[in-house]
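Text of input30.cif (mmCIF, C-alpha atoms and all ligand atoms) as supplied:
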```cif
data_final
loop_
_atom_site.label_atom_id
_atom_site.label_comp_id
_atom_site.auth_asym_id
_atom_site.auth_seq_id
_atom_site.Cartn_x
_atom_site.Cartn_y
_atom_site.Cartn_z
CA MET A 199 0.00 0.00 0.00
CA ARG A 200 1.21 3.53 -0.69
CA PRO A 201 1.60 6.11 2.07
CA PHE A 202 -1.36 8.45 2.59
CA GLU A 203 -2.48 11.06 5.06
CA TYR A 204 -5.43 10.31 7.37
CA LEU A 205 -7.70 13.07 8.70
CA ARG A 206 -10.85 12.79 10.77
CA VAL A 207 -13.41 15.56 10.27
CA ALA A 208 -16.34 16.42 12.50
CA ASP A 209 -18.10 19.30 10.73
CA ALA A 210 -18.90 20.63 7.28
CA ALA A 211 -16.27 23.39 7.31
CA ALA A 212 -13.54 20.86 8.08
CA VAL A 213 -14.79 18.68 5.24
CA SER A 214 -14.32 21.51 2.73
CA SER A 215 -10.90 22.52 3.90
CA ALA A 216 -9.74 18.89 3.88
CA MET A 217 -10.78 18.48 0.24
CA VAL A 218 -10.14 21.83 -1.49
CA GLY A 219 -6.85 21.92 -3.39
CA VAL A 220 -6.10 18.24 -2.70
CA PRO A 221 -7.15 16.31 -5.83
CA GLY A 222 -5.92 13.05 -4.31
CA ALA A 223 -8.18 13.37 -1.24
CA LYS A 224 -11.03 10.87 -0.83
CA PHE A 225 -13.74 10.39 1.74
CA LEU A 226 -13.65 7.28 3.91
CA ALA A 227 -17.00 5.96 5.12
CA GLY A 228 -17.34 2.21 5.85
CA GLY A 229 -14.16 1.59 3.84
CA SER A 230 -15.46 -1.73 2.51
CA ASN A 231 -14.90 -0.77 -1.12
CA LEU A 232 -12.29 1.99 -0.94
CA VAL A 233 -9.83 0.15 1.31
CA ASP A 234 -10.14 -3.01 -0.83
CA LEU A 235 -9.27 -0.96 -3.91
CA MET A 236 -6.33 0.66 -2.12
CA LYS A 237 -4.97 -2.79 -1.22
CA GLU A 238 -5.18 -3.73 -4.91
CA ASP A 239 -3.41 -0.47 -5.84
CA VAL A 240 -6.39 0.57 -7.97
CA GLU A 241 -7.31 3.59 -5.83
CA ARG A 242 -4.33 5.68 -4.72
CA PRO A 243 -5.64 8.49 -2.50
CA THR A 244 -3.00 10.79 -1.03
CA ARG A 245 -5.38 11.74 1.80
CA LEU A 246 -8.22 9.84 3.46
CA VAL A 247 -10.83 12.11 4.98
CA ASP A 248 -12.71 10.03 7.54
CA ILE A 249 -16.30 11.32 7.66
CA ARG A 250 -17.71 8.82 10.12
CA GLN A 251 -18.10 11.40 12.90
CA LEU A 252 -20.35 13.65 10.82
CA PRO A 253 -23.99 13.70 11.96
CA LEU A 254 -25.32 11.97 8.83
CA ARG A 255 -26.64 8.76 10.30
CA GLN A 256 -30.31 9.59 10.83
CA ILE A 257 -33.18 8.00 8.99
CA GLN A 258 -36.14 10.32 9.40
CA ARG A 259 -39.31 11.64 7.85
CA SER A 260 -38.65 14.67 5.67
CA ARG A 261 -40.72 17.11 3.64
CA ALA A 262 -40.12 14.93 0.58
CA GLY A 263 -40.91 11.65 2.33
CA LEU A 264 -38.09 9.80 4.01
CA SER A 265 -34.49 10.94 4.34
CA LEU A 266 -31.78 8.28 4.63
CA GLY A 267 -28.56 9.69 6.09
CA ALA A 268 -25.49 9.04 3.97
CA LEU A 269 -23.73 7.43 6.93
CA ALA A 270 -26.61 5.21 8.02
CA THR A 271 -25.43 1.67 7.44
CA ASN A 272 -27.06 -0.59 4.90
CA THR A 273 -28.27 -2.76 7.82
CA GLU A 274 -29.84 0.18 9.64
CA THR A 275 -31.54 1.28 6.44
CA ALA A 276 -32.87 -2.13 5.42
CA ASN A 277 -34.23 -2.78 8.92
CA HIS A 278 -35.76 0.62 9.57
CA PRO A 279 -39.52 0.22 10.19
CA LEU A 280 -40.42 3.14 7.88
CA VAL A 281 -38.33 1.65 5.07
CA ARG A 282 -39.76 -1.83 5.58
CA GLU A 283 -43.31 -0.54 5.62
CA ASN A 284 -43.19 2.05 2.82
CA TYR A 285 -40.30 0.97 0.60
CA PRO A 286 -39.97 -2.82 0.98
CA LEU A 287 -38.28 -2.96 -2.46
CA LEU A 288 -35.33 -1.08 -0.95
CA THR A 289 -35.09 -3.47 2.00
CA GLN A 290 -35.11 -6.45 -0.37
CA ALA A 291 -32.44 -4.94 -2.61
CA ILE A 292 -30.10 -4.08 0.26
CA VAL A 293 -30.49 -7.48 1.89
CA ALA A 294 -29.71 -9.15 -1.45
CA GLY A 295 -26.27 -7.47 -1.40
CA ALA A 296 -22.96 -8.50 0.12
CA SER A 297 -23.12 -10.24 3.53
CA GLY A 298 -24.43 -9.33 6.99
CA GLN A 299 -20.98 -8.25 8.17
CA LEU A 300 -20.43 -6.04 5.13
CA ARG A 301 -23.87 -4.48 5.37
CA ASN A 302 -23.09 -3.57 8.99
CA MET A 303 -20.08 -1.53 7.78
CA ALA A 304 -21.33 -0.34 4.39
CA THR A 305 -22.99 3.08 4.36
CA ASN A 306 -25.67 4.39 2.03
CA GLY A 307 -23.38 7.02 0.49
CA GLY A 308 -20.54 4.54 -0.02
CA ASN A 309 -22.87 1.95 -1.50
CA LEU A 310 -24.07 4.34 -4.20
CA LEU A 311 -20.44 5.10 -5.07
CA GLN A 312 -19.10 1.56 -5.12
CA ARG A 313 -16.98 0.92 -8.17
CA THR A 314 -17.26 -1.73 -10.85
CA ARG A 315 -16.24 -5.34 -10.28
CA CYS A 316 -14.68 -5.64 -13.76
CA ASN A 317 -11.66 -7.93 -13.41
CA TYR A 318 -9.58 -5.73 -15.70
CA PHE A 319 -10.29 -2.70 -13.50
CA TYR A 320 -9.01 -4.65 -10.49
CA ASP A 321 -5.93 -6.09 -12.25
CA THR A 322 -3.36 -3.31 -12.57
CA ALA A 323 -1.28 -5.43 -14.97
CA THR A 324 -4.00 -5.08 -17.65
CA PRO A 325 -5.23 -2.03 -19.58
CA CYS A 326 -8.33 -0.28 -18.28
CA ASN A 327 -9.63 3.12 -19.37
CA LYS A 328 -11.60 3.45 -16.15
CA ARG A 329 -8.53 2.98 -13.96
CA GLU A 330 -6.02 4.59 -16.30
CA PRO A 331 -7.65 6.72 -19.00
CA GLY A 332 -6.22 6.09 -22.47
CA SER A 333 -4.70 2.69 -21.63
CA GLY A 334 -7.41 0.68 -23.47
CA CYS A 335 -10.08 -1.82 -22.43
CA GLY A 336 -9.00 -5.35 -21.61
CA ALA A 337 -12.57 -6.56 -21.29
CA ARG A 338 -13.87 -5.46 -24.71
CA GLU A 339 -12.07 -8.37 -26.44
CA GLY A 340 -11.23 -10.29 -23.26
CA LEU A 341 -13.25 -12.31 -20.76
CA ASN A 342 -16.48 -10.39 -20.55
CA LYS A 343 -19.03 -12.73 -19.03
CA ILE A 344 -20.01 -10.25 -16.29
CA HIS A 345 -19.96 -7.14 -18.47
CA ALA A 346 -22.50 -4.78 -20.02
CA VAL A 347 -24.99 -5.57 -22.77
CA LEU A 348 -26.55 -2.09 -22.82
CA GLY A 349 -25.15 1.44 -23.00
CA TRP A 350 -21.48 0.43 -23.24
CA SER A 351 -18.88 2.21 -25.34
CA GLU A 352 -15.71 1.08 -27.11
CA ALA A 353 -13.79 2.65 -24.20
CA CYS A 354 -15.54 0.67 -21.45
CA VAL A 355 -17.89 -2.29 -21.06
CA ALA A 356 -17.94 -2.37 -17.24
CA THR A 357 -21.16 -2.62 -15.24
CA TYR A 358 -22.32 -0.93 -12.09
CA PRO A 359 -22.56 -3.90 -9.73
CA GLY A 360 -24.67 -2.64 -6.80
CA ASP A 361 -28.14 -3.63 -5.64
CA MET A 362 -29.41 -0.76 -3.49
CA ALA A 363 -29.23 1.76 -6.35
CA ASN A 364 -31.51 -0.35 -8.56
CA ALA A 365 -34.32 0.00 -6.02
CA LEU A 366 -33.57 3.71 -5.59
CA TYR A 367 -33.97 4.22 -9.35
CA ALA A 368 -37.35 2.48 -9.24
CA LEU A 369 -38.44 4.61 -6.29
CA ASP A 370 -37.47 7.96 -7.91
CA ALA A 371 -35.04 8.78 -5.10
CA SER A 372 -32.79 11.86 -5.11
CA VAL A 373 -29.32 12.35 -3.69
CA ARG A 374 -28.67 15.39 -1.49
CA VAL A 375 -25.13 16.67 -2.02
CA ARG A 376 -23.05 19.42 -0.42
CA ALA A 377 -20.31 21.05 -2.53
CA THR A 378 -17.11 22.40 -0.99
CA ASP A 379 -18.48 25.97 -1.21
CA GLY A 380 -21.31 24.92 1.11
CA ARG A 381 -24.02 24.90 -1.54
CA GLU A 382 -26.44 21.98 -1.48
CA ARG A 383 -28.15 20.42 -4.48
CA LEU A 384 -30.53 17.55 -5.10
CA ILE A 385 -29.65 15.15 -7.91
CA PRO A 386 -32.39 12.79 -9.14
CA VAL A 387 -30.76 9.38 -8.73
CA ILE A 388 -31.49 8.56 -12.37
CA ASP A 389 -29.01 11.34 -13.31
CA PHE A 390 -26.47 10.39 -10.64
CA HIS A 391 -24.42 7.67 -12.39
CA ARG A 392 -23.04 8.01 -15.93
CA LEU A 393 -22.77 5.88 -19.03
CA PRO A 394 -19.09 5.34 -19.94
CA GLY A 395 -18.79 7.20 -23.26
CA ASP A 396 -15.24 8.52 -23.64
CA THR A 397 -14.82 9.21 -19.93
CA PRO A 398 -15.39 5.90 -18.14
CA GLN A 399 -13.09 7.03 -15.32
CA ARG A 400 -16.07 9.14 -14.17
CA ASP A 401 -18.71 6.88 -12.66
CA ASN A 402 -21.08 9.65 -11.58
CA ASN A 403 -21.84 13.36 -11.77
CA LEU A 404 -20.21 14.39 -8.49
CA GLU A 405 -17.38 16.95 -8.46
CA HIS A 406 -14.26 16.64 -6.33
CA GLY A 407 -15.14 17.24 -2.68
CA ASP A 408 -18.90 16.82 -3.11
CA LEU A 409 -20.24 15.16 0.02
CA ILE A 410 -23.38 13.03 -0.12
CA LEU A 411 -25.55 14.09 2.81
CA ALA A 412 -28.62 11.92 2.33
CA ILE A 413 -30.80 9.96 -0.04
CA GLU A 414 -34.37 11.26 -0.25
CA LEU A 415 -37.29 8.94 -0.95
CA PRO A 416 -40.52 10.60 -2.14
CA VAL A 417 -43.83 9.98 -0.39
CA ALA A 418 -45.43 8.98 -3.71
CA ALA A 419 -43.08 6.02 -4.12
CA ALA A 420 -44.66 4.40 -1.06
CA GLU A 421 -47.62 3.62 -3.34
CA PHE A 422 -45.49 0.84 -4.82
CA ALA A 423 -45.21 -0.86 -1.41
CA LYS A 424 -47.94 -3.45 -2.05
CA HIS A 425 -46.62 -4.60 -5.41
CA SER A 426 -42.85 -4.62 -5.68
CA HIS A 427 -40.14 -7.24 -5.94
CA TYR A 428 -36.35 -7.32 -6.14
CA LEU A 429 -34.92 -10.30 -8.00
CA LYS A 430 -31.21 -11.03 -8.04
CA VAL A 431 -29.78 -13.82 -10.19
CA ARG A 432 -26.25 -14.90 -9.33
CA ASP A 433 -23.80 -17.79 -9.44
CA ARG A 434 -24.16 -18.50 -5.69
CA SER A 435 -27.22 -17.90 -3.57
CA SER A 436 -25.43 -15.47 -1.23
CA TYR A 437 -22.35 -13.27 -1.03
CA ALA A 438 -22.12 -12.79 -4.79
CA PHE A 439 -22.72 -9.94 -7.18
CA ALA A 440 -25.60 -10.21 -9.64
CA MET A 441 -25.33 -11.55 -13.16
CA VAL A 442 -28.63 -9.75 -13.67
CA SER A 443 -31.01 -8.16 -11.19
CA VAL A 444 -34.39 -6.51 -11.52
CA ALA A 445 -36.23 -3.99 -9.37
CA ALA A 446 -39.90 -4.21 -10.37
CA ALA A 447 -42.79 -2.21 -8.95
CA LEU A 448 -46.41 -1.68 -9.88
CA GLN A 449 -49.36 0.40 -8.78
CA LEU A 450 -52.65 -1.34 -9.50
CA GLU A 451 -56.05 0.30 -9.68
CA GLY A 452 -59.24 -1.59 -10.46
CA GLY A 453 -57.22 -4.48 -11.87
CA THR A 454 -55.11 -2.39 -14.26
CA ILE A 455 -51.59 -1.05 -13.99
CA ARG A 456 -51.57 2.67 -13.13
CA GLN A 457 -47.78 3.03 -12.85
CA ALA A 458 -44.87 0.67 -13.38
CA ARG A 459 -41.16 0.61 -12.68
CA VAL A 460 -38.64 -1.67 -14.36
CA VAL A 461 -34.94 -1.32 -13.52
CA LEU A 462 -32.27 -3.81 -14.54
CA GLY A 463 -29.00 -4.11 -12.62
CA SER A 464 -25.59 -5.41 -13.73
CA VAL A 465 -26.39 -4.99 -17.44
CA ALA A 466 -24.93 -1.49 -17.94
CA HIS A 467 -22.57 1.11 -16.49
CA LYS A 468 -25.50 2.36 -14.39
CA PRO A 469 -28.81 0.90 -13.24
CA TRP A 470 -30.88 0.57 -16.41
CA ARG A 471 -34.38 1.94 -15.97
CA SER A 472 -36.55 1.27 -18.99
CA ALA A 473 -39.14 4.02 -19.52
CA GLU A 474 -40.30 2.15 -22.64
CA ALA A 475 -40.99 -1.07 -20.72
CA GLU A 476 -42.84 0.92 -18.07
CA ALA A 477 -44.97 2.64 -20.73
CA ALA A 478 -45.82 -0.76 -22.25
CA LEU A 479 -47.29 -1.82 -18.89
CA VAL A 480 -49.38 1.22 -18.01
CA GLY A 481 -53.11 0.75 -18.61
CA GLN A 482 -52.76 -3.03 -19.06
CA ARG A 483 -54.09 -5.83 -16.88
CA PRO A 484 -51.22 -7.77 -15.27
CA SER A 485 -50.49 -11.03 -17.11
CA GLU A 486 -47.48 -13.09 -18.06
CA ALA A 487 -47.98 -12.15 -21.72
CA ILE A 488 -47.94 -8.41 -20.98
CA PHE A 489 -44.89 -8.81 -18.77
CA ALA A 490 -43.10 -10.78 -21.50
CA LYS A 491 -43.76 -7.96 -23.95
CA ALA A 492 -42.39 -5.38 -21.50
CA ALA A 493 -39.35 -7.58 -20.85
CA GLN A 494 -38.57 -7.70 -24.55
CA VAL A 495 -38.87 -3.92 -24.74
CA ALA A 496 -36.59 -3.50 -21.71
CA LEU A 497 -33.74 -5.31 -23.43
CA THR A 498 -34.24 -3.69 -26.84
CA GLY A 499 -30.94 -2.44 -28.19
CA ALA A 500 -28.90 -4.92 -26.14
CA LYS A 501 -25.53 -5.61 -27.78
CA PRO A 502 -23.95 -8.61 -26.11
CA LEU A 503 -20.19 -9.15 -26.09
CA ALA A 504 -18.46 -12.47 -26.82
CA HIS A 505 -19.26 -14.12 -23.47
CA ASN A 506 -22.39 -12.47 -22.12
CA GLY A 507 -25.12 -13.19 -24.66
CA TYR A 508 -26.85 -15.11 -21.87
CA LYS A 509 -27.64 -11.80 -20.15
CA VAL A 510 -30.22 -10.85 -22.78
CA GLU A 511 -32.52 -13.84 -22.29
CA LEU A 512 -31.72 -14.01 -18.57
CA GLY A 513 -32.60 -10.32 -18.29
CA GLN A 514 -35.91 -10.81 -20.10
CA ARG A 515 -36.86 -13.84 -18.02
CA SER A 516 -35.87 -12.01 -14.83
CA VAL A 517 -38.04 -9.02 -15.71
CA VAL A 518 -41.02 -11.36 -16.25
CA ARG A 519 -40.41 -13.20 -12.98
CA ALA A 520 -39.91 -10.00 -10.97
CA LEU A 521 -43.11 -8.49 -12.40
CA MET A 522 -45.06 -11.70 -11.77
CA ARG A 523 -43.93 -11.62 -8.14
CA ALA A 524 -44.70 -7.90 -7.83
CA ALA A 525 -48.21 -8.51 -9.18
CA GLN A 526 -48.50 -11.60 -6.96
CA LEU A 527 -49.27 -13.77 -9.95
CA GLY A 528 -46.54 -16.31 -9.39
C1 LIG B 1 -17.00 -9.14 -0.78
C2 LIG B 1 -17.97 -8.03 -1.09
C3 LIG B 1 -19.19 -8.35 -1.65
C4 LIG B 1 -20.10 -7.33 -1.94
N1 LIG B 1 -21.31 -7.65 -2.49
C5 LIG B 1 -22.18 -6.66 -2.83
C6 LIG B 1 -23.42 -6.94 -3.47
O1 LIG B 1 -23.76 -8.10 -3.72
N2 LIG B 1 -24.25 -5.89 -3.76
C7 LIG B 1 -23.91 -4.59 -3.46
O2 LIG B 1 -24.68 -3.68 -3.74
N3 LIG B 1 -22.74 -4.31 -2.89
C8 LIG B 1 -21.87 -5.30 -2.58
N4 LIG B 1 -20.68 -4.99 -2.01
C9 LIG B 1 -20.30 -3.58 -1.96
C10 LIG B 1 -20.55 -2.97 -0.64
O3 LIG B 1 -21.91 -2.88 -0.43
C11 LIG B 1 -19.84 -1.63 -0.71
O4 LIG B 1 -18.47 -1.90 -0.53
C12 LIG B 1 -20.31 -0.66 0.34
O5 LIG B 1 -21.67 -0.39 0.22
C13 LIG B 1 -19.53 0.63 0.26
O6 LIG B 1 -19.88 1.43 1.36
P1 LIG B 1 -18.76 1.99 2.33
O7 LIG B 1 -19.46 2.87 3.31
O8 LIG B 1 -17.92 0.90 2.90
O9 LIG B 1 -17.94 2.87 1.30
P2 LIG B 1 -16.38 3.26 1.24
O10 LIG B 1 -15.60 2.07 0.80
O11 LIG B 1 -15.97 3.96 2.49
O12 LIG B 1 -16.45 4.34 0.10
C14 LIG B 1 -16.78 4.00 -1.24
C15 LIG B 1 -16.64 5.28 -2.08
O13 LIG B 1 -17.62 6.22 -1.72
C16 LIG B 1 -17.04 7.47 -1.32
N5 LIG B 1 -17.92 7.97 -0.27
C17 LIG B 1 -18.38 7.29 0.80
N6 LIG B 1 -19.26 8.02 1.48
C18 LIG B 1 -19.38 9.21 0.83
C19 LIG B 1 -20.18 10.38 1.03
N7 LIG B 1 -21.03 10.50 2.05
N8 LIG B 1 -20.05 11.40 0.16
C20 LIG B 1 -19.20 11.32 -0.89
N9 LIG B 1 -18.41 10.23 -1.13
C21 LIG B 1 -18.53 9.19 -0.29
C22 LIG B 1 -15.63 7.11 -0.90
O14 LIG B 1 -14.76 8.20 -1.03
C23 LIG B 1 -15.30 5.99 -1.87
O15 LIG B 1 -14.89 6.53 -3.09
C24 LIG B 1 -19.76 -5.98 -1.68
C25 LIG B 1 -18.51 -5.67 -1.11
C26 LIG B 1 -17.63 -6.68 -0.82
C27 LIG B 1 -16.30 -6.30 -0.22
#
```
Let's see the structure in the file written out as structure tokens.
Ligand SMILES: Cc1cc2nc3c(=O)[nH]c(=O)nc-3n(C[C@H](O)[C@H](O)[C@H](O)COP(=O)(O)OP(=O)(O)OC[C@H]3O[C@@H](n4cnc5c(N)ncnc54)[C@H](O)[C@@H]3O)c2cc1C
Amino acid sequence: MRPFEYLRVADAAAVSSAMVGVPGAKFLAGGSNLVDLMKEDVERPTRLVDIRQLPLRQIQRSRAGLSLGALATNTETANHPLVRENYPLLTQAIVAGASGQLRNMATNGGNLLQRTRCNYFYDTATPCNKREPGSGCGAREGLNKIHAVLGWSEACVATYPGDMANALYALDASVRVRATDGRERLIPVIDFHRLPGDTPQRDNNLEHGDLILAIELPVAAAEFAKHSHYLKVRDRSSYAFAMVSVAAALQLEGGTIRQARVVLGSVAHKPWRSAEAEAALVGQRPSEAIFAKAAQVALTGAKPLAHNGYKVELGQRSVVRALMRAAQLG
């Protein structure tokens, strides 16, 4: 490991002064992703700014609905009674991720910002435009079983591997961020992560020193509570990242679908919410045939690589199964 400075901050002003003018500074929350990447020599921060003493751990009702502190752990969030009651999709997604021990350390802010699990990103002996811009992409013509089928670019075929974010996309969450000049802004989560394009080194739309304060869940999304399901398909039944995952949610009125959410995970550089699949469901009566049509729409435009063609059919079948469970049809 390379030498780095370690600072503990306890208030917002200290956060800004620790970050401004130090491009190699990074926040440390649970450390479960960042420290791993430092051990692999993938992340090389010159300064770690430990934010764990900041008062960002509350989960509380807010004007928008429910505010999840950035430093609340994944376990605290998944188990919170207001989350379980109003946003059970989020509880299911979080619990599908990692292991109990990791979820006890992992924070909401850190989880959103976890980096890809692409093997070429982790292996510093191979080229990777995300780790070292301009070096090339080992995965494009290499072993790409776990990689993207949607939204990838010639520069990068990595996927976003997380679970929690898929549910947040379905629930129209927003991310509350504080810049180093003290200004706060609210980023709709759907605009938070980026597709790779020519700049795959940038996973999201944060600027250096931006601190995530909270994730905001809208009141209206609680209307999906009765009919939602998170499905994660993986090689092992626990402690594994998804090959494909689906966050599905429906609002039913008089036997027809009033609103629908379909988000696929681990198929693109960001959670893949399909507005077209959702539109295909609205106004229809729930049935396997309608769900199959929406599933086909959700994967339209998929361009599999040499080793991940399976993700297209698996994705479609997973969308159908998740919607069937959400509608309580199977
Ligand atoms: C073996 C293993 C298996 C896993 N399996 C899964 C899985 O199946 N599904 C899944 O979703 N996840 C999985 N994870 C990922 C895990 O959930 C993440 O490592 C964790 O959520 C990251 O949170 P953290 O608080 O530890 O972040 P850290 O490692 O502390 O930070 C991660 C990044 O976020 C930044 N950061 C943290 N907090 C803030 C903030 N408030 N504002 C701005 N920047 C911030 C840090 O600077 C860093 O860049 C797994 C991890 C491991 C090690």
- Counting only C-alpha atoms, figure out which residue out of A:Cys335, A:Ala371, A:Ile385, A:Val517 gets nearest to A:Ala356.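 Looking only at the distances to A:Ala356, the closest residue turns out to be A:Cys335.
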Interatomic distance, atom C24 of ligand LIG 1 (chain B) to atom CA of A:Pro469 (Å, one decimal):
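Value for the atom C24 of ligand LIG 1 (chain B)-atom CA of A:Pro469 distance: 16.2 Å.
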Closest contacts (stretch 342-400 of chain A/stretch 272-288 of chain A, max 12 Å, all atoms listed in the file) as a Markdown table:
```
| residue | atom | partner | partner_atom | distance |
| --- | --- | --- | --- | --- |
| A:Asp361 | CA | A:Leu288 | CA | 9.0 |
| A:Met362 | CA | A:Leu288 | CA | 6.4 |
| A:Ala363 | CA | A:Leu288 | CA | 8.6 |
| A:Asn364 | CA | A:Leu288 | CA | 8.5 |
| A:Ala365 | CA | A:Leu288 | CA | 5.3 |
| A:Leu366 | CA | A:Leu288 | CA | 6.9 |
| A:Tyr367 | CA | A:Leu288 | CA | 10.0 |
| A:Ala368 | CA | A:Leu287 | CA | 8.7 |
| A:Leu369 | CA | A:Tyr285 | CA | 8.0 |
| A:Asp370 | CA | A:Tyr285 | CA | 11.4 |
| A:Ala371 | CA | A:Leu288 | CA | 10.7 |
```
Excluding A:Lys328 and residues on its chain fewer than 2 positions from it, collect all residues at most 9 Å away from it, counting only C-alpha atoms, and give them as an mmCIF file with C-alpha atoms, in the coordinates of the input.
```cif
data_model
loop_
_atom_site.group_PDB
_atom_site.id
_atom_site.type_symbol
_atom_site.label_atom_id
_atom_site.label_comp_id
_atom_site.auth_asym_id
_atom_site.auth_seq_id
_atom_site.Cartn_x
_atom_site.Cartn_y
_atom_site.Cartn_z
ATOM 1 C CA PHE A 319 -10.290 -2.700 -13.500
ATOM 2 C CA CYS A 326 -8.330 -0.280 -18.280
ATOM 3 C CA GLU A 330 -6.020 4.590 -16.300
ATOM 4 C CA PRO A 331 -7.650 6.720 -19.000
ATOM 5 C CA GLY A 332 -6.220 6.090 -22.470
ATOM 6 C CA SER A 333 -4.700 2.690 -21.630
ATOM 7 C CA GLY A 334 -7.410 0.680 -23.470
ATOM 8 C CA CYS A 335 -10.080 -1.820 -22.430
ATOM 9 C CA ALA A 353 -13.790 2.650 -24.200
ATOM 10 C CA CYS A 354 -15.540 0.670 -21.450
ATOM 11 C CA ALA A 356 -17.940 -2.370 -17.240
ATOM 12 C CA PRO A 394 -19.090 5.340 -19.940
ATOM 13 C CA THR A 397 -14.820 9.210 -19.930
ATOM 14 C CA PRO A 398 -15.390 5.900 -18.140
ATOM 15 C CA GLN A 399 -13.090 7.030 -15.320
ATOM 16 C CA ARG A 400 -16.070 9.140 -14.170
ATOM 17 C CA ASP A 401 -18.710 6.880 -12.660
#
```
Practice problem: Quick one: everything within 7 Å of A:Leu462, counting all atoms listed in the file, minus sequence neighbours fewer than 3 positions away in the same chain. Send it as a count of residues only. | Solution: 8
Determine, counting only C-alpha atoms, which protein, DNA and RNA residues have an atom within 8 Å of an atom of A:Thr454; residues of the same chain fewer than 6 positions away are not included. Present the result as a list in words. Val480, Gly481, Gln482, Arg483 and Pro484 of chain A
Would you name the residues within 6 Å of ligand LIG 1 (chain B), counting only C-alpha atoms and all ligand atoms, and put them as a PDB file with C-alpha atoms, keeping the file's coordinate frame?
```
ATOM      1  CA  LYS A 224     -11.030  10.870  -0.830  1.00  0.00           C
ATOM      2  CA  PHE A 225     -13.740  10.390   1.740  1.00  0.00           C
ATOM      3  CA  LEU A 226     -13.650   7.280   3.910  1.00  0.00           C
ATOM      4  CA  ALA A 227     -17.000   5.960   5.120  1.00  0.00           C
ATOM      5  CA  GLY A 228     -17.340   2.210   5.850  1.00  0.00           C
ATOM      6  CA  GLY A 229     -14.160   1.590   3.840  1.00  0.00           C
ATOM      7  CA  SER A 230     -15.460  -1.730   2.510  1.00  0.00           C
ATOM      8  CA  ASN A 231     -14.900  -0.770  -1.120  1.00  0.00           C
ATOM      9  CA  LEU A 232     -12.290   1.990  -0.940  1.00  0.00           C
ATOM     10  CA  ALA A 268     -25.490   9.040   3.970  1.00  0.00           C
ATOM     11  CA  GLY A 295     -26.270  -7.470  -1.400  1.00  0.00           C
ATOM     12  CA  ALA A 296     -22.960  -8.500   0.120  1.00  0.00           C
ATOM     13  CA  MET A 303     -20.080  -1.530   7.780  1.00  0.00           C
ATOM     14  CA  ALA A 304     -21.330  -0.340   4.390  1.00  0.00           C
ATOM     15  CA  THR A 305     -22.990   3.080   4.360  1.00  0.00           C
ATOM     16  CA  GLY A 307     -23.380   7.020   0.490  1.00  0.00           C
ATOM     17  CA  GLY A 308     -20.540   4.540  -0.020  1.00  0.00           C
ATOM     18  CA  ASN A 309     -22.870   1.950  -1.500  1.00  0.00           C
ATOM     19  CA  LEU A 311     -20.440   5.100  -5.070  1.00  0.00           C
ATOM     20  CA  GLN A 312     -19.100   1.560  -5.120  1.00  0.00           C
ATOM     21  CA  GLY A 360     -24.670  -2.640  -6.800  1.00  0.00           C
ATOM     22  CA  ASP A 361     -28.140  -3.630  -5.640  1.00  0.00           C
ATOM     23  CA  MET A 362     -29.410  -0.760  -3.490  1.00  0.00           C
ATOM     24  CA  ASP A 408     -18.900  16.820  -3.110  1.00  0.00           C
ATOM     25  CA  LEU A 409     -20.240  15.160   0.020  1.00  0.00           C
ATOM     26  CA  ILE A 410     -23.380  13.030  -0.120  1.00  0.00           C
ATOM     27  CA  LEU A 411     -25.550  14.090   2.810  1.00  0.00           C
ATOM     28  CA  TYR A 437     -22.350 -13.270  -1.030  1.00  0.00           C
ATOM     29  CA  ALA A 438     -22.120 -12.790  -4.790  1.00  0.00           C
ATOM     30  CA  PHE A 439     -22.720  -9.940  -7.180  1.00  0.00           C
TER      31      PHE A 439
END
```
What's the 9 Å shell around stretch 239-254 of chain A, counting all atoms listed in the file, without same-chain residues fewer than 6 positions away, as a PyMOL selection string? chain A and resi 199-210+213+216-217+220-228+232-233+266-270+319-322+329+411-412
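Note that the spacing between atom CA of A:Glu414 and atom CA of A:Ser260 amounts to 8.1 Å.
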